[in-house]
Amino acid sequence: MSRPYSEKPEELVQSLGVDPAKGLTDQEATARLNQVGKNTLVDEREIRFLGILREEITEPMILLLIAVGVLYSVLGSLTDALTILVIIIILVLAEVWNEYRAKRSISALRQLAPPTAIVLRNGQPIEVQTVFWFQATSCF
């Protein structure tokens, strides 16, 4: 798999067949857009507190700790089992809250991205609309 970000600029320009002094023609830019698609990284989605909770609970370490808590309730002391389960709940809620806040912050930062970019088309610099790749809304 090609990794353009790791190539030297000269190699990348040559492999893409672009003259850095002229840029792309309008026809070439349209053809590449149709062939490759928009330069998007992540689909639009909603940040959900419960979705993050589900992700955190299904992590292998959390599942293992829950299994240990259940095992303690059957074979050991009920007090120890409740202590383990309370700690697991606190840990999961802290992780969920931190993940939720981080995703909201990333969404806010991405909205600060400039809505336009300067590109070379037909040898002339022009301003084009950029593609926002992640517009998230938050809800509980």
# chains A, B, ... in the order shown; residues from 1 in each chain; ligands from 1

$ select_by_dssp --residues "chain A" --states "strand (DSSP E)" --output "PyMOL selection string"
chain A and resi 47-48+116-121+124-129+138-139

$ select_by_dssp --residues "chain A" --states "helix (DSSP H, G or I)" --output "MDAnalysis selection string"
chainID A and resid 4:6 9:16 26:36 49:57 60:75 78:110

$ atom_distance --atom1 "atom CA of Lys8 of chain A" --atom2 "atom CA of Glu127 of chain A"
25.8 Å

$ residues_around --residues "segment 87-103 of chain A" --least-positions-apart "6" --cutoff "8 Å" --atoms "only C-alpha atoms" --output "CSV table (one decimal) with all heavy atoms, in the first residue's frame"
chain,number,residue,atom,x,y,z
A,47,ILE,N,-21.8,11.8,18.2
A,47,ILE,CA,-21.1,11.3,19.4
A,47,ILE,C,-22.1,11.0,20.4
A,47,ILE,O,-22.9,11.9,20.9
A,47,ILE,CB,-20.1,12.4,20.0
A,47,ILE,CG1,-19.0,12.7,18.9
A,47,ILE,CG2,-19.5,11.9,21.3
A,47,ILE,CD1,-18.2,13.9,19.3
A,48,ARG,N,-22.2,9.8,20.8
A,48,ARG,CA,-23.2,9.3,21.8
A,48,ARG,C,-22.6,8.8,23.0
A,48,ARG,O,-21.7,7.9,22.9
A,48,ARG,CB,-24.1,8.2,21.2
A,48,ARG,CG,-25.0,8.7,20.0
A,48,ARG,CD,-26.0,7.6,19.6
A,48,ARG,NE,-26.9,8.1,18.6
A,48,ARG,CZ,-28.0,8.7,18.8
A,48,ARG,NH1,-28.4,8.9,20.0
A,48,ARG,NH2,-28.8,9.1,17.8
A,49,PHE,N,-23.0,9.3,24.1
A,49,PHE,CA,-22.5,8.8,25.4
A,49,PHE,C,-22.7,7.3,25.6
A,49,PHE,O,-21.8,6.6,26.0
A,49,PHE,CB,-23.2,9.6,26.6
A,49,PHE,CG,-22.5,9.4,27.9
A,49,PHE,CD1,-21.4,10.2,28.2
A,49,PHE,CD2,-23.0,8.5,28.8
A,49,PHE,CE1,-20.8,10.1,29.4
A,49,PHE,CE2,-22.4,8.4,30.1
A,49,PHE,CZ,-21.3,9.2,30.4
A,52,ILE,N,-20.3,5.2,23.4
A,52,ILE,CA,-18.9,5.2,24.0
A,52,ILE,C,-18.9,4.2,25.2
A,52,ILE,O,-18.0,3.4,25.4
A,52,ILE,CB,-18.5,6.6,24.5
A,52,ILE,CG1,-18.3,7.5,23.2
A,52,ILE,CG2,-17.1,6.5,25.2
A,52,ILE,CD1,-18.1,8.9,23.6
A,53,LEU,N,-20.0,4.2,26.0
A,53,LEU,CA,-20.1,3.3,27.1
A,53,LEU,C,-20.1,1.8,26.7
A,53,LEU,O,-19.4,1.0,27.2
A,53,LEU,CB,-21.5,3.6,27.9
A,53,LEU,CG,-21.8,2.6,29.1
A,53,LEU,CD1,-20.7,2.8,30.2
A,53,LEU,CD2,-23.2,2.9,29.6
A,56,GLU,N,-16.5,0.9,25.8
A,56,GLU,CA,-15.7,0.7,26.9
A,56,GLU,C,-16.0,-0.6,27.7
A,56,GLU,O,-15.1,-1.3,28.1
A,56,GLU,CB,-15.8,1.9,27.9
A,56,GLU,CG,-15.3,3.2,27.4
A,56,GLU,CD,-13.8,3.2,27.2
A,56,GLU,OE1,-13.0,2.5,27.9
A,56,GLU,OE2,-13.3,3.8,26.2
A,57,ILE,N,-17.3,-0.9,27.8
A,57,ILE,CA,-17.6,-2.1,28.5
A,57,ILE,C,-17.2,-3.4,27.8
A,57,ILE,O,-16.9,-4.4,28.4
A,57,ILE,CB,-19.2,-2.2,28.8
A,57,ILE,CG1,-19.5,-1.1,29.8
A,57,ILE,CG2,-19.6,-3.5,29.2
A,57,ILE,CD1,-21.0,-1.0,30.1
A,62,ILE,N,-11.9,-5.0,30.7
A,62,ILE,CA,-13.1,-4.7,31.5
A,62,ILE,C,-13.9,-6.0,31.6
A,62,ILE,O,-14.5,-6.4,32.7
A,62,ILE,CB,-14.0,-3.6,30.9
A,62,ILE,CG1,-13.1,-2.3,30.9
A,62,ILE,CG2,-15.3,-3.4,31.6
A,62,ILE,CD1,-12.7,-1.8,32.3
A,65,LEU,N,-12.3,-8.2,34.1
A,65,LEU,CA,-12.6,-7.7,35.5
A,65,LEU,C,-14.0,-8.1,35.9
A,65,LEU,O,-14.3,-8.4,37.1
A,65,LEU,CB,-12.3,-6.2,35.6
A,65,LEU,CG,-10.9,-5.8,35.5
A,65,LEU,CD1,-10.7,-4.3,35.5
A,65,LEU,CD2,-10.1,-6.4,36.7
A,66,ILE,N,-15.0,-7.9,35.0
A,66,ILE,CA,-16.4,-8.3,35.3
A,66,ILE,C,-16.4,-9.8,35.6
A,66,ILE,O,-17.1,-10.2,36.6
A,66,ILE,CB,-17.3,-7.9,34.2
A,66,ILE,CG1,-17.4,-6.4,34.1
A,66,ILE,CG2,-18.7,-8.5,34.4
A,66,ILE,CD1,-18.1,-5.8,32.9

$ atom_distance --atom1 "atom CA of Glu55 of chain A" --atom2 "atom CA of Ala67 of chain A"
17.1 Å

$ residues_around --residues "Ala21 of chain A" --least-positions-apart "6" --cutoff "12 Å" --atoms "only C-alpha atoms" --output "PDB file with all heavy atoms, in the first residue's frame"
ATOM      1  N   VAL A  13       5.388  14.143  -6.382  1.00  0.00           N
ATOM      2  CA  VAL A  13       4.970  14.944  -7.529  1.00  0.00           C
ATOM      3  C   VAL A  13       5.131  14.133  -8.807  1.00  0.00           C
ATOM      4  O   VAL A  13       4.246  14.121  -9.670  1.00  0.00           O
ATOM      5  CB  VAL A  13       5.794  16.257  -7.592  1.00  0.00           C
ATOM      6  CG1 VAL A  13       5.631  16.954  -8.926  1.00  0.00           C
ATOM      7  CG2 VAL A  13       5.383  17.184  -6.461  1.00  0.00           C
ATOM      8  N   VAL A 119      -5.298  26.623  -4.173  1.00  0.00           N
ATOM      9  CA  VAL A 119      -4.700  25.575  -4.997  1.00  0.00           C
ATOM     10  C   VAL A 119      -4.306  26.164  -6.349  1.00  0.00           C
ATOM     11  O   VAL A 119      -4.779  27.232  -6.736  1.00  0.00           O
ATOM     12  CB  VAL A 119      -5.669  24.382  -5.207  1.00  0.00           C
ATOM     13  CG1 VAL A 119      -6.016  23.727  -3.890  1.00  0.00           C
ATOM     14  CG2 VAL A 119      -6.917  24.824  -5.935  1.00  0.00           C
ATOM     15  N   LEU A 120      -3.432  25.446  -7.054  1.00  0.00           N
ATOM     16  CA  LEU A 120      -3.072  25.860  -8.410  1.00  0.00           C
ATOM     17  C   LEU A 120      -3.947  25.129  -9.408  1.00  0.00           C
ATOM     18  O   LEU A 120      -3.992  23.905  -9.428  1.00  0.00           O
ATOM     19  CB  LEU A 120      -1.598  25.537  -8.694  1.00  0.00           C
ATOM     20  CG  LEU A 120      -0.557  26.455  -8.075  1.00  0.00           C
ATOM     21  CD1 LEU A 120       0.835  25.937  -8.376  1.00  0.00           C
ATOM     22  CD2 LEU A 120      -0.715  27.871  -8.578  1.00  0.00           C
ATOM     23  N   ARG A 121      -4.659  25.872 -10.229  1.00  0.00           N
ATOM     24  CA  ARG A 121      -5.454  25.315 -11.316  1.00  0.00           C
ATOM     25  C   ARG A 121      -5.084  26.073 -12.577  1.00  0.00           C
ATOM     26  O   ARG A 121      -5.166  27.312 -12.597  1.00  0.00           O
ATOM     27  CB  ARG A 121      -6.961  25.469 -11.068  1.00  0.00           C
ATOM     28  CG  ARG A 121      -7.509  24.614  -9.984  1.00  0.00           C
ATOM     29  CD  ARG A 121      -7.572  23.136 -10.416  1.00  0.00           C
ATOM     30  NE  ARG A 121      -8.182  22.328  -9.385  1.00  0.00           N
ATOM     31  CZ  ARG A 121      -7.502  21.766  -8.389  1.00  0.00           C
ATOM     32  NH1 ARG A 121      -6.212  21.930  -8.301  1.00  0.00           N
ATOM     33  NH2 ARG A 121      -8.117  21.050  -7.480  1.00  0.00           N
ATOM     34  N   ASN A 122      -4.689  25.349 -13.588  1.00  0.00           N
ATOM     35  CA  ASN A 122      -4.300  25.954 -14.872  1.00  0.00           C
ATOM     36  C   ASN A 122      -3.192  26.988 -14.684  1.00  0.00           C
ATOM     37  O   ASN A 122      -3.165  28.013 -15.354  1.00  0.00           O
ATOM     38  CB  ASN A 122      -5.506  26.584 -15.564  1.00  0.00           C
ATOM     39  CG  ASN A 122      -6.626  25.593 -15.758  1.00  0.00           C
ATOM     40  OD1 ASN A 122      -6.396  24.471 -16.200  1.00  0.00           O
ATOM     41  ND2 ASN A 122      -7.844  25.993 -15.417  1.00  0.00           N
ATOM     42  N   GLY A 123      -2.304  26.746 -13.715  1.00  0.00           N
ATOM     43  CA  GLY A 123      -1.177  27.647 -13.470  1.00  0.00           C
ATOM     44  C   GLY A 123      -1.526  28.875 -12.651  1.00  0.00           C
ATOM     45  O   GLY A 123      -0.664  29.706 -12.386  1.00  0.00           O
ATOM     46  N   GLN A 124      -2.777  29.004 -12.217  1.00  0.00           N
ATOM     47  CA  GLN A 124      -3.208  30.176 -11.451  1.00  0.00           C
ATOM     48  C   GLN A 124      -3.683  29.745 -10.068  1.00  0.00           C
ATOM     49  O   GLN A 124      -4.392  28.744  -9.942  1.00  0.00           O
ATOM     50  CB  GLN A 124      -4.367  30.890 -12.177  1.00  0.00           C
ATOM     51  CG  GLN A 124      -4.030  31.400 -13.551  1.00  0.00           C
ATOM     52  CD  GLN A 124      -2.983  32.493 -13.501  1.00  0.00           C
ATOM     53  OE1 GLN A 124      -3.014  33.365 -12.646  1.00  0.00           O
ATOM     54  NE2 GLN A 124      -2.020  32.427 -14.411  1.00  0.00           N
ATOM     55  N   PRO A 125      -3.308  30.505  -9.029  1.00  0.00           N
ATOM     56  CA  PRO A 125      -3.841  30.175  -7.700  1.00  0.00           C
ATOM     57  C   PRO A 125      -5.314  30.561  -7.605  1.00  0.00           C
ATOM     58  O   PRO A 125      -5.703  31.658  -8.009  1.00  0.00           O
ATOM     59  CB  PRO A 125      -2.989  31.021  -6.748  1.00  0.00           C
ATOM     60  CG  PRO A 125      -2.378  32.086  -7.584  1.00  0.00           C
ATOM     61  CD  PRO A 125      -2.371  31.606  -9.000  1.00  0.00           C
TER      62      PRO A 125
END

$ atom_distance --atom1 "atom CA of Lys38 of chain A" --atom2 "atom CA of Gln111 of chain A"
18.0 Å

$ residues_around --residues "Leu82 of chain A" --least-positions-apart "6" --cutoff "10 Å" --atoms "only C-alpha atoms" --output "PDB file with all heavy atoms, in the first residue's frame"
ATOM      1  N   GLY A  69     -15.175 -10.374  39.018  1.00  0.00           N
ATOM      2  CA  GLY A  69     -16.163  -9.949  40.008  1.00  0.00           C
ATOM      3  C   GLY A  69     -17.270 -10.970  40.183  1.00  0.00           C
ATOM      4  O   GLY A  69     -17.686 -11.271  41.308  1.00  0.00           O
ATOM      5  N   VAL A  70     -17.744 -11.531  39.078  1.00  0.00           N
ATOM      6  CA  VAL A  70     -18.786 -12.565  39.148  1.00  0.00           C
ATOM      7  C   VAL A  70     -18.237 -13.818  39.824  1.00  0.00           C
ATOM      8  O   VAL A  70     -18.906 -14.428  40.674  1.00  0.00           O
ATOM      9  CB  VAL A  70     -19.321 -12.879  37.727  1.00  0.00           C
ATOM     10  CG1 VAL A  70     -20.208 -14.117  37.734  1.00  0.00           C
ATOM     11  CG2 VAL A  70     -20.081 -11.677  37.175  1.00  0.00           C
ATOM     12  N   TYR A  72     -15.815 -13.981  42.016  1.00  0.00           N
ATOM     13  CA  TYR A  72     -15.694 -13.694  43.448  1.00  0.00           C
ATOM     14  C   TYR A  72     -17.043 -13.781  44.145  1.00  0.00           C
ATOM     15  O   TYR A  72     -17.141 -14.219  45.287  1.00  0.00           O
ATOM     16  CB  TYR A  72     -15.098 -12.297  43.668  1.00  0.00           C
ATOM     17  CG  TYR A  72     -13.655 -12.327  44.086  1.00  0.00           C
ATOM     18  CD1 TYR A  72     -12.643 -12.251  43.135  1.00  0.00           C
ATOM     19  CD2 TYR A  72     -13.299 -12.423  45.425  1.00  0.00           C
ATOM     20  CE1 TYR A  72     -11.319 -12.277  43.498  1.00  0.00           C
ATOM     21  CE2 TYR A  72     -11.973 -12.445  45.796  1.00  0.00           C
ATOM     22  CZ  TYR A  72     -10.986 -12.373  44.838  1.00  0.00           C
ATOM     23  OH  TYR A  72      -9.679 -12.404  45.207  1.00  0.00           O
ATOM     24  N   SER A  73     -18.112 -13.348  43.458  1.00  0.00           N
ATOM     25  CA  SER A  73     -19.434 -13.399  44.098  1.00  0.00           C
ATOM     26  C   SER A  73     -19.899 -14.835  44.292  1.00  0.00           C
ATOM     27  O   SER A  73     -20.630 -15.132  45.232  1.00  0.00           O
ATOM     28  CB  SER A  73     -20.463 -12.615  43.278  1.00  0.00           C
ATOM     29  OG  SER A  73     -20.703 -13.249  42.053  1.00  0.00           O
ATOM     30  N   ILE A  88     -14.939  -1.287  39.095  1.00  0.00           N
ATOM     31  CA  ILE A  88     -15.096  -1.411  37.640  1.00  0.00           C
ATOM     32  C   ILE A  88     -16.056  -0.339  37.123  1.00  0.00           C
ATOM     33  O   ILE A  88     -15.785   0.317  36.108  1.00  0.00           O
ATOM     34  CB  ILE A  88     -15.608  -2.815  37.254  1.00  0.00           C
ATOM     35  CG1 ILE A  88     -14.548  -3.860  37.558  1.00  0.00           C
ATOM     36  CG2 ILE A  88     -16.009  -2.871  35.789  1.00  0.00           C
ATOM     37  CD1 ILE A  88     -15.059  -5.283  37.455  1.00  0.00           C
TER      38      ILE A  88
END

$ decode --residues "segment 8-26 of chain A" --atoms "N, CA, C and O atoms" --output "compact mmCIF listing (two decimals), in the first residue's frame"
# COMPACT_ATOMS: atom_id res chain seq x y z
N LYS A 8 9.25 11.39 -0.49
CA LYS A 8 9.86 12.70 -0.68
C LYS A 8 8.97 13.50 -1.62
O LYS A 8 8.34 12.94 -2.53
N PRO A 9 8.90 14.82 -1.44
CA PRO A 9 8.01 15.63 -2.29
C PRO A 9 8.26 15.44 -3.78
O PRO A 9 7.32 15.36 -4.56
N GLU A 10 9.54 15.35 -4.18
CA GLU A 10 9.85 15.19 -5.60
C GLU A 10 9.28 13.87 -6.13
O GLU A 10 8.75 13.82 -7.24
N GLU A 11 9.43 12.80 -5.35
CA GLU A 11 8.92 11.49 -5.76
C GLU A 11 7.39 11.51 -5.84
O GLU A 11 6.80 10.94 -6.76
N LEU A 12 6.76 12.16 -4.89
CA LEU A 12 5.30 12.23 -4.87
C LEU A 12 4.77 13.00 -6.08
O LEU A 12 3.83 12.56 -6.74
N VAL A 13 5.39 14.14 -6.38
CA VAL A 13 4.97 14.94 -7.53
C VAL A 13 5.13 14.13 -8.81
O VAL A 13 4.25 14.12 -9.67
N GLN A 14 6.24 13.40 -8.93
CA GLN A 14 6.48 12.60 -10.12
C GLN A 14 5.47 11.46 -10.23
O GLN A 14 4.92 11.20 -11.30
N SER A 15 5.20 10.78 -9.10
CA SER A 15 4.27 9.65 -9.15
C SER A 15 2.84 10.10 -9.45
O SER A 15 2.06 9.35 -10.03
N LEU A 16 2.49 11.32 -9.05
CA LEU A 16 1.14 11.83 -9.33
C LEU A 16 1.03 12.49 -10.69
O LEU A 16 -0.07 12.82 -11.14
N GLY A 17 2.18 12.74 -11.32
CA GLY A 17 2.15 13.36 -12.64
C GLY A 17 1.67 14.79 -12.61
O GLY A 17 0.85 15.19 -13.44
N VAL A 18 2.16 15.57 -11.65
CA VAL A 18 1.73 16.96 -11.49
C VAL A 18 2.93 17.88 -11.66
O VAL A 18 4.01 17.60 -11.16
N ASP A 19 2.72 18.97 -12.37
CA ASP A 19 3.75 20.00 -12.46
C ASP A 19 3.51 20.97 -11.30
O ASP A 19 2.50 21.67 -11.28
N PRO A 20 4.44 21.02 -10.32
CA PRO A 20 4.20 21.87 -9.14
C PRO A 20 4.11 23.36 -9.45
O PRO A 20 3.55 24.12 -8.68
N ALA A 21 4.61 23.78 -10.60
CA ALA A 21 4.53 25.20 -10.96
C ALA A 21 3.17 25.55 -11.56
O ALA A 21 2.73 26.69 -11.48
N LYS A 22 2.48 24.56 -12.16
CA LYS A 22 1.20 24.82 -12.82
C LYS A 22 0.01 24.22 -12.08
O LYS A 22 -1.12 24.66 -12.25
N GLY A 23 0.23 23.17 -11.30
CA GLY A 23 -0.88 22.50 -10.64
C GLY A 23 -1.64 21.65 -11.64
O GLY A 23 -1.11 21.22 -12.65
N LEU A 24 -2.90 21.40 -11.35
CA LEU A 24 -3.76 20.59 -12.22
C LEU A 24 -4.61 21.50 -13.10
O LEU A 24 -4.91 22.64 -12.73
N THR A 25 -5.04 20.96 -14.23
CA THR A 25 -6.03 21.67 -15.02
C THR A 25 -7.40 21.38 -14.41
O THR A 25 -7.55 20.45 -13.62
N ASP A 26 -8.38 22.17 -14.78
CA ASP A 26 -9.73 21.95 -14.27
C ASP A 26 -10.23 20.55 -14.65
O ASP A 26 -10.85 19.86 -13.86
